[in-house]
>>> print(open('target.txt').read())   # compact mmCIF, C-alpha atoms
# COMPACT_ATOMS: atom_id res chain seq x y z
CA MET A 25 159.22 191.11 139.44
CA ASN A 26 158.48 194.04 137.18
CA THR A 27 155.18 194.96 135.54
CA SER A 28 156.21 193.95 132.02
CA ALA A 29 157.19 190.46 133.20
CA VAL A 30 153.85 190.00 134.95
CA LEU A 31 152.00 191.22 131.87
CA ALA A 32 154.02 188.88 129.64
CA ILE A 33 153.22 185.92 131.89
CA LEU A 34 149.53 186.81 131.97
CA GLY A 35 149.50 187.30 128.20
CA MET A 36 151.11 183.91 127.59
CA GLY A 37 148.66 182.27 129.99
CA ILE A 38 145.68 183.85 128.23
CA ALA A 39 147.04 182.91 124.80
CA THR A 40 147.56 179.31 125.94
CA TYR A 41 144.07 179.11 127.42
CA LEU A 42 142.44 180.59 124.31
CA THR A 43 144.41 178.22 122.09
CA ARG A 44 143.15 175.22 124.06
CA LEU A 45 139.61 176.56 124.12
CA SER A 46 139.60 177.18 120.37
CA GLY A 47 140.94 173.66 119.79
CA PHE A 48 138.05 172.15 121.71
CA TYR A 49 135.60 174.34 119.80
CA LEU A 50 137.05 173.66 116.35
CA LEU A 51 137.51 169.91 116.86
CA ARG A 52 134.26 169.21 118.71
CA GLY A 53 132.78 167.22 115.81
CA LEU A 54 135.93 165.33 114.80
CA ASN A 55 137.31 162.07 116.07
CA VAL A 56 141.03 162.75 116.55
CA SER A 57 143.24 159.67 116.64
CA GLY A 58 146.58 158.34 115.50
CA ARG A 59 149.20 160.82 114.36
CA SER A 60 146.86 163.80 114.77
CA LYS A 61 146.27 162.91 118.43
CA ALA A 62 150.00 162.44 118.98
CA ALA A 63 150.70 165.85 117.44
CA LEU A 64 148.06 167.53 119.60
CA ASP A 65 149.42 165.78 122.71
CA ALA A 66 152.89 167.16 121.94
CA LEU A 67 151.72 170.79 121.89
CA PRO A 68 151.72 171.58 125.65
CA PRO A 69 155.40 170.63 126.17
CA ALA A 70 156.30 172.54 123.00
CA VAL A 71 154.54 175.66 124.24
CA LEU A 72 156.24 175.32 127.62
CA MET A 73 159.66 175.10 125.98
CA ALA A 74 158.88 178.15 123.83
CA VAL A 75 158.02 180.10 126.96
CA ILE A 76 161.17 179.17 128.85
CA ALA A 77 163.61 179.29 125.92
CA PRO A 78 164.44 183.00 126.41
CA VAL A 79 165.27 182.28 130.05
CA ILE A 80 167.61 179.47 129.03
CA LEU A 81 169.52 181.76 126.70
CA THR A 82 169.72 184.89 128.83
CA THR A 83 170.31 183.82 132.44
CA GLY A 84 172.72 181.78 134.55
CA TRP A 85 173.55 178.15 135.14
CA ALA A 86 170.69 177.46 137.57
CA GLU A 87 168.06 178.44 135.04
CA SER A 88 169.76 176.58 132.19
CA ILE A 89 170.06 173.35 134.16
CA ALA A 90 166.49 173.69 135.44
CA ALA A 91 165.32 174.13 131.85
CA ALA A 92 167.09 170.92 130.84
CA ILE A 93 165.45 169.08 133.74
CA THR A 94 162.07 170.48 132.68
CA ALA A 95 162.70 169.37 129.10
CA VAL A 96 163.37 165.83 130.31
CA ALA A 97 160.10 165.90 132.28
CA ALA A 98 158.27 167.05 129.14
CA PHE A 99 160.03 164.40 127.04
CA PHE A 100 158.63 161.70 129.33
CA ARG A 101 155.18 163.20 128.75
CA LEU A 102 154.46 164.06 132.34
CA PRO A 103 151.27 166.08 132.69
CA LEU A 104 151.80 169.78 131.97
CA THR A 105 151.17 170.81 135.57
CA VAL A 106 153.71 168.28 136.85
CA THR A 107 156.24 169.45 134.26
CA ILE A 108 155.80 173.05 135.40
CA ILE A 109 156.19 172.04 139.04
CA VAL A 110 159.37 170.13 138.19
CA GLY A 111 160.74 173.26 136.51
CA ILE A 112 159.84 175.55 139.39
CA VAL A 113 161.27 173.24 142.05
CA SER A 114 164.42 172.71 139.97
CA VAL A 115 165.13 176.40 139.46
CA VAL A 116 164.48 177.24 143.11
CA ALA A 117 166.74 174.42 144.34
CA LEU A 118 169.49 175.23 141.84
CA ARG A 119 169.40 178.94 142.63
CA TRP A 120 169.81 178.02 146.29
CA ILE A 121 172.73 175.70 145.45
CA PHE A 122 174.47 178.23 143.15
CA ALA A 123 173.88 181.22 145.46
>>> encode(input="target.txt", output="structure tokens")
Amino acid sequence: MNTSAVLAILGMGIATYLTRLSGFYLLRGLNVSGRSKAALDALPPAVLMAVIAPVILTTGWAESIAAAITAVAAFFRLPLTVTIIVGIVSVVALRWIFA
């Protein structure tokens, strides 16, 4: 893995963490429910898809299929960590199969 990829991953991780932290800070006095809560719950899978979208479009079949599997996991609202693990396991297994 090259330095720019590592820096990009770290940057995205920091941006995600700061976004979550700022959300807790800004919404600390509000009672979020209904459609607002549903919209906020949909953000982590949306961010994950935005991160992996370039990989889907610029790499091979293993990555594209793994991205689709990850999207299904996100669609079923699995926890973000579980969704990421599903994606990692999928791409590793599919790279092994397609190698």
>>> atom_distance(input="target.txt", atom1="CA of Pro103 (chain A)", atom2="CA of Leu51 (chain A)")
21.3 Å
>>> residues_around(input="target.txt", residues="region 61-70 of chain A", least_positions_apart="2", cutoff="8 Å", atoms="only C-alpha atoms", output="list in words")
Val56, Ser57, Gly58, Arg59, Leu72, Met73, Ala74, Ala95, Ala98, Phe99, Arg101 and Leu104 of chain A
>>> residues_around(input="target.txt", residues="Ala97 (chain A)", least_positions_apart="6", cutoff="9 Å", atoms="all atoms listed in the file", output="number ranges by chain")
A: 103, 106-108, 110-111
>>> closest_residue(input="target.txt", among="A:Ala92, A:Ile109, A:Leu42, A:Leu102", to="Ala77 (chain A)", atoms="only C-alpha atoms")
A:Ala92
>>> closest_atom_pairs(input="target.txt", of="region 45-107 of chain A", to="region 115-118 of chain A", cutoff="10 Å", atoms="all atoms listed in the file", output="JSON lines")
{"residue": "A:Trp85", "atom": "CA", "partner": "A:Leu118", "partner_atom": "CA", "distance": 8.4}
{"residue": "A:Ala86", "atom": "CA", "partner": "A:Leu118", "partner_atom": "CA", "distance": 5.0}
{"residue": "A:Glu87", "atom": "CA", "partner": "A:Val115", "partner_atom": "CA", "distance": 5.7}
{"residue": "A:Ser88", "atom": "CA", "partner": "A:Val115", "partner_atom": "CA", "distance": 8.6}
{"residue": "A:Ile89", "atom": "CA", "partner": "A:Val115", "partner_atom": "CA", "distance": 7.9}
{"residue": "A:Ala90", "atom": "CA", "partner": "A:Val115", "partner_atom": "CA", "distance": 5.0}
{"residue": "A:Ala91", "atom": "CA", "partner": "A:Val115", "partner_atom": "CA", "distance": 7.9}
{"residue": "A:Ile93", "atom": "CA", "partner": "A:Val115", "partner_atom": "CA", "distance": 9.3}
{"residue": "A:Thr94", "atom": "CA", "partner": "A:Val115", "partner_atom": "CA", "distance": 9.5}
>>> atom_distance(input="target.txt", atom1="CA of Val30 (chain A)", atom2="CA of Phe122 (chain A)")
25.1 Å
>>> atom_distance(input="target.txt", atom1="CA of Ile121 (chain A)", atom2="CA of Ile76 (chain A)")
20.5 Å
>>> closest_residue(input="target.txt", among="A:Ser114, A:Val75, A:Tyr49, A:Asn55", to="Gly37 (chain A)", atoms="all atoms listed in the file")
A:Val75
>>> closest_residue(input="target.txt", among="A:Arg52, A:Val71, A:Ser60, A:Ser28", to="Thr40 (chain A)", atoms="all atoms listed in the file")
A:Val71
>>> decode(input="target.txt", residues="region 60-89 of chain A", atoms="C-alpha atoms", output="short mmCIF file (atom, residue, chain, number, x, y, z; two decimals), in the first residue's frame")
data_model
loop_
_atom_site.label_atom_id
_atom_site.label_comp_id
_atom_site.auth_asym_id
_atom_site.auth_seq_id
_atom_site.Cartn_x
_atom_site.Cartn_y
_atom_site.Cartn_z
CA SER A 60 -34.79 12.88 11.45
CA LYS A 61 -33.60 9.83 13.38
CA ALA A 62 -34.07 7.63 10.31
CA ALA A 63 -32.04 10.06 8.21
CA LEU A 64 -29.24 10.16 10.78
CA ASP A 65 -29.25 6.36 11.03
CA ALA A 66 -28.80 6.13 7.25
CA LEU A 67 -25.64 8.24 7.23
CA PRO A 68 -23.02 5.59 8.17
CA PRO A 69 -23.91 3.23 5.29
CA ALA A 70 -24.02 6.22 2.93
CA VAL A 71 -20.55 7.32 4.00
CA LEU A 72 -19.25 3.77 3.61
CA MET A 73 -20.62 3.56 0.07
CA ALA A 74 -19.06 6.94 -0.78
CA VAL A 75 -15.70 5.65 0.40
CA ILE A 76 -15.82 2.42 -1.59
CA ALA A 77 -17.47 3.81 -4.75
CA PRO A 78 -14.13 4.69 -6.42
CA VAL A 79 -12.95 1.12 -5.83
CA ILE A 80 -16.09 -0.26 -7.44
CA LEU A 81 -15.53 1.81 -10.56
CA THR A 82 -11.78 1.40 -10.99
CA THR A 83 -10.88 -2.20 -10.09
CA GLY A 84 -11.77 -5.78 -11.02
CA TRP A 85 -14.63 -8.17 -10.53
CA ALA A 86 -13.69 -9.23 -6.99
CA GLU A 87 -13.91 -5.69 -5.69
CA SER A 88 -17.12 -4.93 -7.57
CA ILE A 89 -18.89 -8.04 -6.29
#
